[in-house]
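Here is the file work-v6.pdb (PDB, C-alpha atoms, pLDDT in the B column).
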ATOM      1  CA  VAL A  92     -62.796 -12.281  29.665  1.00 82.00           C
ATOM      2  CA  PRO A  93     -60.951 -15.622  29.270  1.00 85.00           C
ATOM      3  CA  SER A  94     -57.555 -13.888  29.265  1.00 87.00           C
ATOM      4  CA  VAL A  95     -58.435 -11.959  32.427  1.00 90.00           C
ATOM      5  CA  LEU A  96     -59.611 -15.135  34.125  1.00 90.00           C
ATOM      6  CA  ARG A  97     -56.491 -16.986  32.965  1.00 91.00           C
ATOM      7  CA  SER A  98     -54.162 -14.351  34.414  1.00 91.00           C
ATOM      8  CA  TRP A  99     -56.189 -14.239  37.631  1.00 93.00           C
ATOM      9  CA  PHE A 100     -56.063 -18.035  38.023  1.00 93.00           C
ATOM     10  CA  GLU A 101     -52.326 -18.092  37.267  1.00 93.00           C
ATOM     11  CA  ARG A 102     -51.659 -15.379  39.858  1.00 94.00           C
ATOM     12  CA  LEU A 103     -53.680 -17.238  42.470  1.00 94.00           C
ATOM     13  CA  ALA A 104     -51.847 -20.480  41.608  1.00 93.00           C
ATOM     14  CA  GLU A 105     -48.475 -18.772  42.160  1.00 94.00           C
ATOM     15  CA  GLU A 106     -49.668 -17.442  45.518  1.00 94.00           C
ATOM     16  CA  GLN A 107     -50.745 -20.942  46.554  1.00 94.00           C
ATOM     17  CA  LYS A 108     -47.373 -22.380  45.503  1.00 94.00           C
ATOM     18  CA  GLY A 109     -45.598 -19.695  47.550  1.00 93.00           C
ATOM     19  CA  VAL A 110     -47.638 -20.575  50.620  1.00 93.00           C
ATOM     20  CA  ALA A 111     -46.865 -24.279  50.071  1.00 93.00           C
ATOM     21  CA  ARG A 112     -43.122 -23.502  49.929  1.00 93.00           C
ATOM     22  CA  ARG A 113     -43.305 -21.473  53.145  1.00 92.00           C
ATOM     23  CA  GLU A 114     -45.176 -24.286  54.889  1.00 91.00           C
ATOM     24  CA  ARG A 115     -42.595 -26.865  53.821  1.00 91.00           C
ATOM     25  CA  ARG A 116     -39.713 -24.607  54.810  1.00 93.00           C
ATOM     26  CA  SER A 117     -41.067 -24.223  58.341  1.00 87.00           C
ATOM     27  CA  ALA A 118     -41.490 -27.989  58.635  1.00 88.00           C
ATOM     28  CA  GLU A 119     -38.004 -28.764  57.383  1.00 90.00           C
ATOM     29  CA  THR A 120     -36.062 -25.984  59.099  1.00 91.00           C
ATOM     30  CA  GLY A 121     -38.032 -25.764  62.341  1.00 89.00           C
ATOM     31  CA  LEU A 122     -39.674 -29.017  63.306  1.00 91.00           C
ATOM     32  CA  GLY A 123     -37.275 -31.347  61.502  1.00 92.00           C
ATOM     33  CA  PRO A 124     -34.185 -30.468  63.551  1.00 94.00           C
ATOM     34  CA  ILE A 125     -36.209 -30.501  66.784  1.00 95.00           C
ATOM     35  CA  GLN A 126     -37.489 -33.985  65.988  1.00 94.00           C
ATOM     36  CA  ASN A 127     -34.020 -35.279  65.112  1.00 95.00           C
ATOM     37  CA  THR A 128     -32.453 -33.783  68.238  1.00 96.00           C
ATOM     38  CA  LEU A 129     -35.074 -35.281  70.541  1.00 96.00           C
ATOM     39  CA  MET A 130     -34.722 -38.684  68.898  1.00 96.00           C
ATOM     40  CA  GLY A 131     -30.951 -38.554  69.263  1.00 96.00           C
ATOM     41  CA  LEU A 132     -31.102 -37.501  72.892  1.00 96.00           C
ATOM     42  CA  SER A 133     -33.587 -40.233  73.740  1.00 96.00           C
ATOM     43  CA  GLY A 134     -31.249 -42.778  72.173  1.00 94.00           C
ATOM     44  CA  ALA A 135     -28.350 -41.316  74.143  1.00 96.00           C
ATOM     45  CA  ALA A 136     -30.355 -41.717  77.351  1.00 95.00           C
ATOM     46  CA  VAL A 137     -30.863 -45.416  76.592  1.00 94.00           C
ATOM     47  CA  ILE A 138     -27.161 -45.883  75.890  1.00 96.00           C
ATOM     48  CA  ALA A 139     -26.234 -44.047  79.101  1.00 95.00           C
ATOM     49  CA  GLY A 140     -28.651 -46.222  81.067  1.00 94.00           C
ATOM     50  CA  LEU A 141     -27.294 -49.426  79.579  1.00 94.00           C
ATOM     51  CA  ALA A 142     -23.707 -48.315  80.160  1.00 94.00           C
ATOM     52  CA  GLY A 143     -24.458 -47.603  83.798  1.00 92.00           C
ATOM     53  CA  THR A 144     -23.654 -43.894  83.535  1.00 92.00           C
ATOM     54  CA  ILE A 145     -27.097 -42.989  84.860  1.00 94.00           C
ATOM     55  CA  ALA A 146     -29.684 -45.028  86.722  1.00 95.00           C
ATOM     56  CA  PRO A 147     -31.785 -47.263  84.459  1.00 93.00           C
ATOM     57  CA  ALA A 148     -35.024 -45.812  85.861  1.00 94.00           C
ATOM     58  CA  LEU A 149     -33.854 -42.288  85.086  1.00 95.00           C
ATOM     59  CA  ALA A 150     -32.741 -43.376  81.610  1.00 95.00           C
ATOM     60  CA  ALA A 151     -36.165 -44.904  80.961  1.00 94.00           C
ATOM     61  CA  PHE A 152     -37.918 -41.729  82.133  1.00 96.00           C
ATOM     62  CA  ILE A 153     -35.722 -39.552  79.912  1.00 96.00           C
ATOM     63  CA  PHE A 154     -36.228 -41.904  76.977  1.00 96.00           C
ATOM     64  CA  VAL A 155     -40.010 -41.844  77.311  1.00 96.00           C
ATOM     65  CA  THR A 156     -40.167 -38.080  77.830  1.00 96.00           C
ATOM     66  CA  LEU A 157     -37.914 -37.234  74.891  1.00 96.00           C
ATOM     67  CA  GLY A 158     -39.548 -39.919  72.763  1.00 95.00           C
ATOM     68  CA  ALA A 159     -42.939 -38.328  73.394  1.00 96.00           C
ATOM     69  CA  GLY A 160     -41.503 -34.945  72.429  1.00 96.00           C
ATOM     70  CA  ALA A 161     -40.038 -36.410  69.233  1.00 96.00           C
ATOM     71  CA  GLY A 162     -43.396 -37.993  68.441  1.00 95.00           C
ATOM     72  CA  ALA A 163     -45.175 -34.685  68.968  1.00 96.00           C
ATOM     73  CA  ALA A 164     -42.639 -32.913  66.733  1.00 95.00           C
ATOM     74  CA  TRP A 165     -43.140 -35.586  64.065  1.00 95.00           C
ATOM     75  CA  ARG A 166     -46.916 -35.206  64.260  1.00 96.00           C
ATOM     76  CA  GLY A 167     -46.677 -31.434  63.983  1.00 94.00           C
ATOM     77  CA  ARG A 168     -44.276 -31.743  61.077  1.00 94.00           C
ATOM     78  CA  MET A 169     -46.628 -34.086  59.231  1.00 95.00           C
ATOM     79  CA  MET A 170     -49.547 -31.726  59.796  1.00 94.00           C
ATOM     80  CA  VAL A 171     -47.578 -28.788  58.401  1.00 93.00           C
ATOM     81  CA  LEU A 172     -46.436 -30.821  55.392  1.00 94.00           C
ATOM     82  CA  GLU A 173     -50.024 -31.936  54.796  1.00 94.00           C
ATOM     83  CA  ARG A 174     -51.120 -28.301  54.778  1.00 93.00           C
ATOM     84  CA  GLY A 175     -48.349 -27.570  52.268  1.00 93.00           C
ATOM     85  CA  ASP A 176     -49.624 -30.385  50.052  1.00 94.00           C
ATOM     86  CA  LEU A 177     -53.122 -28.907  50.229  1.00 94.00           C
ATOM     87  CA  TYR A 178     -51.854 -25.521  49.016  1.00 94.00           C
ATOM     88  CA  GLU A 179     -49.887 -27.194  46.229  1.00 94.00           C
ATOM     89  CA  ASP A 180     -52.986 -29.112  45.115  1.00 94.00           C
ATOM     90  CA  ARG A 181     -54.964 -25.862  45.065  1.00 94.00           C
ATOM     91  CA  GLY A 182     -52.276 -24.319  42.883  1.00 93.00           C
ATOM     92  CA  LYS A 183     -52.475 -27.237  40.446  1.00 94.00           C
ATOM     93  CA  ALA A 184     -56.260 -26.923  40.288  1.00 93.00           C
ATOM     94  CA  LEU A 185     -55.992 -23.203  39.596  1.00 92.00           C
ATOM     95  CA  ASN A 186     -53.453 -23.869  36.829  1.00 92.00           C
ATOM     96  CA  SER A 187     -55.910 -26.345  35.319  1.00 92.00           C
ATOM     97  CA  LEU A 188     -58.605 -23.675  35.353  1.00 91.00           C
ATOM     98  CA  ALA A 189     -56.191 -21.250  33.688  1.00 90.00           C
ATOM     99  CA  LYS A 190     -55.512 -23.841  30.976  1.00 91.00           C
ATOM    100  CA  ILE A 191     -59.241 -24.224  30.396  1.00 90.00           C
ATOM    101  CA  CYS A 192     -59.435 -20.449  29.878  1.00 87.00           C
ATOM    102  CA  ASP A 193     -56.685 -20.733  27.239  1.00 78.00           C
ATOM    103  CA  ASP A 194     -58.639 -23.425  25.425  1.00 76.00           C
ATOM    104  CA  ALA A 195     -61.812 -21.321  25.353  1.00 61.00           C
TER     105      ALA A 195
END
structure tokens encoding of this file:
Amino acid sequence: VPSVLRSWFERLAEEQKGVARRERRSAETGLGPIQNTLMGLSGAAVIAGLAGTIAPALAAFIFVTLGAGAGAAWRGRMMVLERGDLYEDRGKALNSLAKICDDA
């Protein structure tokens, strides 16, 4: 029974680690570039407004709008990464249970 439980816990731990990797990948390859692009564009709007290329009021509006989008992307990214951490912690707990089965 302990060896069956150990293998079952180890398999579940690997599944949890796989889910954690997928969560992190979506945060880094999806939301990360979106966040960086929006932050860069909002900075470009400020520079354009200060340089007189576009009206300062328009530059401020663009800055605020893109800044809000970057903030939302950051928040979403942090939520996804937090979920990934949760899955990783579950995997560690399952590995600990598997180790207990080895000790039995």
Practice item. Go through A:Ile125, A:Ala161, A:Ala104, A:Val95 and flag the residue nearest Asn186 (chain A), using only C-alpha atoms for the distances. Key: A:Ala104
With the PyMOL selection byres ((chain A and resi 165) around 10) as the selection, what would be picked from this file? Answer as a PDB file with C-alpha atoms, keeping the file's coordinate frame, please.
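Below is the file that was written, out31.pdb:
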ATOM      1  CA  ALA A 118     -41.490 -27.989  58.635  1.00 88.00           C
ATOM      2  CA  LEU A 122     -39.674 -29.017  63.306  1.00 91.00           C
ATOM      3  CA  GLY A 123     -37.275 -31.347  61.502  1.00 92.00           C
ATOM      4  CA  ILE A 125     -36.209 -30.501  66.784  1.00 95.00           C
ATOM      5  CA  GLN A 126     -37.489 -33.985  65.988  1.00 94.00           C
ATOM      6  CA  ASN A 127     -34.020 -35.279  65.112  1.00 95.00           C
ATOM      7  CA  ALA A 159     -42.939 -38.328  73.394  1.00 96.00           C
ATOM      8  CA  GLY A 160     -41.503 -34.945  72.429  1.00 96.00           C
ATOM      9  CA  ALA A 161     -40.038 -36.410  69.233  1.00 96.00           C
ATOM     10  CA  GLY A 162     -43.396 -37.993  68.441  1.00 95.00           C
ATOM     11  CA  ALA A 163     -45.175 -34.685  68.968  1.00 96.00           C
ATOM     12  CA  ALA A 164     -42.639 -32.913  66.733  1.00 95.00           C
ATOM     13  CA  ARG A 166     -46.916 -35.206  64.260  1.00 96.00           C
ATOM     14  CA  GLY A 167     -46.677 -31.434  63.983  1.00 94.00           C
ATOM     15  CA  ARG A 168     -44.276 -31.743  61.077  1.00 94.00           C
ATOM     16  CA  MET A 169     -46.628 -34.086  59.231  1.00 95.00           C
ATOM     17  CA  MET A 170     -49.547 -31.726  59.796  1.00 94.00           C
ATOM     18  CA  VAL A 171     -47.578 -28.788  58.401  1.00 93.00           C
TER      19      VAL A 171
END
Practice item. Please write the residues picked by the PyMOL selection byres ((chain A and resi 190) around 12) on this file as a list in words. Key: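 Evaluating the PyMOL selection byres ((chain A and resi 190) around 12) on these coordinates yields Pro93, Ser94, Leu96, Arg97, Ser98, Trp99, Phe100, Glu101, Ala104, Lys183, Ala184, Leu185, Asn186, Ser187, Leu188, Ala189, Ile191, Cys192, Asp193, Asp194 and Ala195 of chain A.
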Those residues with C-alpha atoms, as an mmCIF file, keeping the file's coordinate frame please?
data_model
loop_
_atom_site.group_PDB
_atom_site.id
_atom_site.type_symbol
_atom_site.label_atom_id
_atom_site.label_comp_id
_atom_site.auth_asym_id
_atom_site.auth_seq_id
_atom_site.Cartn_x
_atom_site.Cartn_y
_atom_site.Cartn_z
ATOM 1 C CA PRO A 93 -60.951 -15.622 29.270
ATOM 2 C CA SER A 94 -57.555 -13.888 29.265
ATOM 3 C CA LEU A 96 -59.611 -15.135 34.125
ATOM 4 C CA ARG A 97 -56.491 -16.986 32.965
ATOM 5 C CA SER A 98 -54.162 -14.351 34.414
ATOM 6 C CA TRP A 99 -56.189 -14.239 37.631
ATOM 7 C CA PHE A 100 -56.063 -18.035 38.023
ATOM 8 C CA GLU A 101 -52.326 -18.092 37.267
ATOM 9 C CA ALA A 104 -51.847 -20.480 41.608
ATOM 10 C CA LYS A 183 -52.475 -27.237 40.446
ATOM 11 C CA ALA A 184 -56.260 -26.923 40.288
ATOM 12 C CA LEU A 185 -55.992 -23.203 39.596
ATOM 13 C CA ASN A 186 -53.453 -23.869 36.829
ATOM 14 C CA SER A 187 -55.910 -26.345 35.319
ATOM 15 C CA LEU A 188 -58.605 -23.675 35.353
ATOM 16 C CA ALA A 189 -56.191 -21.250 33.688
ATOM 17 C CA ILE A 191 -59.241 -24.224 30.396
ATOM 18 C CA CYS A 192 -59.435 -20.449 29.878
ATOM 19 C CA ASP A 193 -56.685 -20.733 27.239
ATOM 20 C CA ASP A 194 -58.639 -23.425 25.425
ATOM 21 C CA ALA A 195 -61.812 -21.321 25.353
#
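For the pair CA of Gly175 (chain A) and CA of Gly121 (chain A), the separation is 14.5 Å.
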Exercise for review: Could you tell me which residues the PyMOL selection byres ((chain A and resi 178) around 12) returns for this structure, as a list of chain:residue names?
Suggested key: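 For this structure, the PyMOL selection byres ((chain A and resi 178) around 12) resolves to A:Leu103, A:Ala104, A:Glu105, A:Glu106, A:Gln107, A:Lys108, A:Gly109, A:Val110, A:Ala111, A:Arg112, A:Arg113, A:Glu114, A:Arg115, A:Val171, A:Leu172, A:Glu173, A:Arg174, A:Gly175, A:Asp176, A:Leu177, A:Glu179, A:Asp180, A:Arg181, A:Gly182, A:Lys183, A:Ala184, A:Leu185.
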Point to revise | Distance of CA of Ala146 (chain A) from CA of Pro124 (chain A), expressed in Å to one decimal place | key: 27.7 Å
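The gap separating CA of Leu157 (chain A) from CA of Thr128 (chain A) is 9.3 Å, in Å to one decimal.
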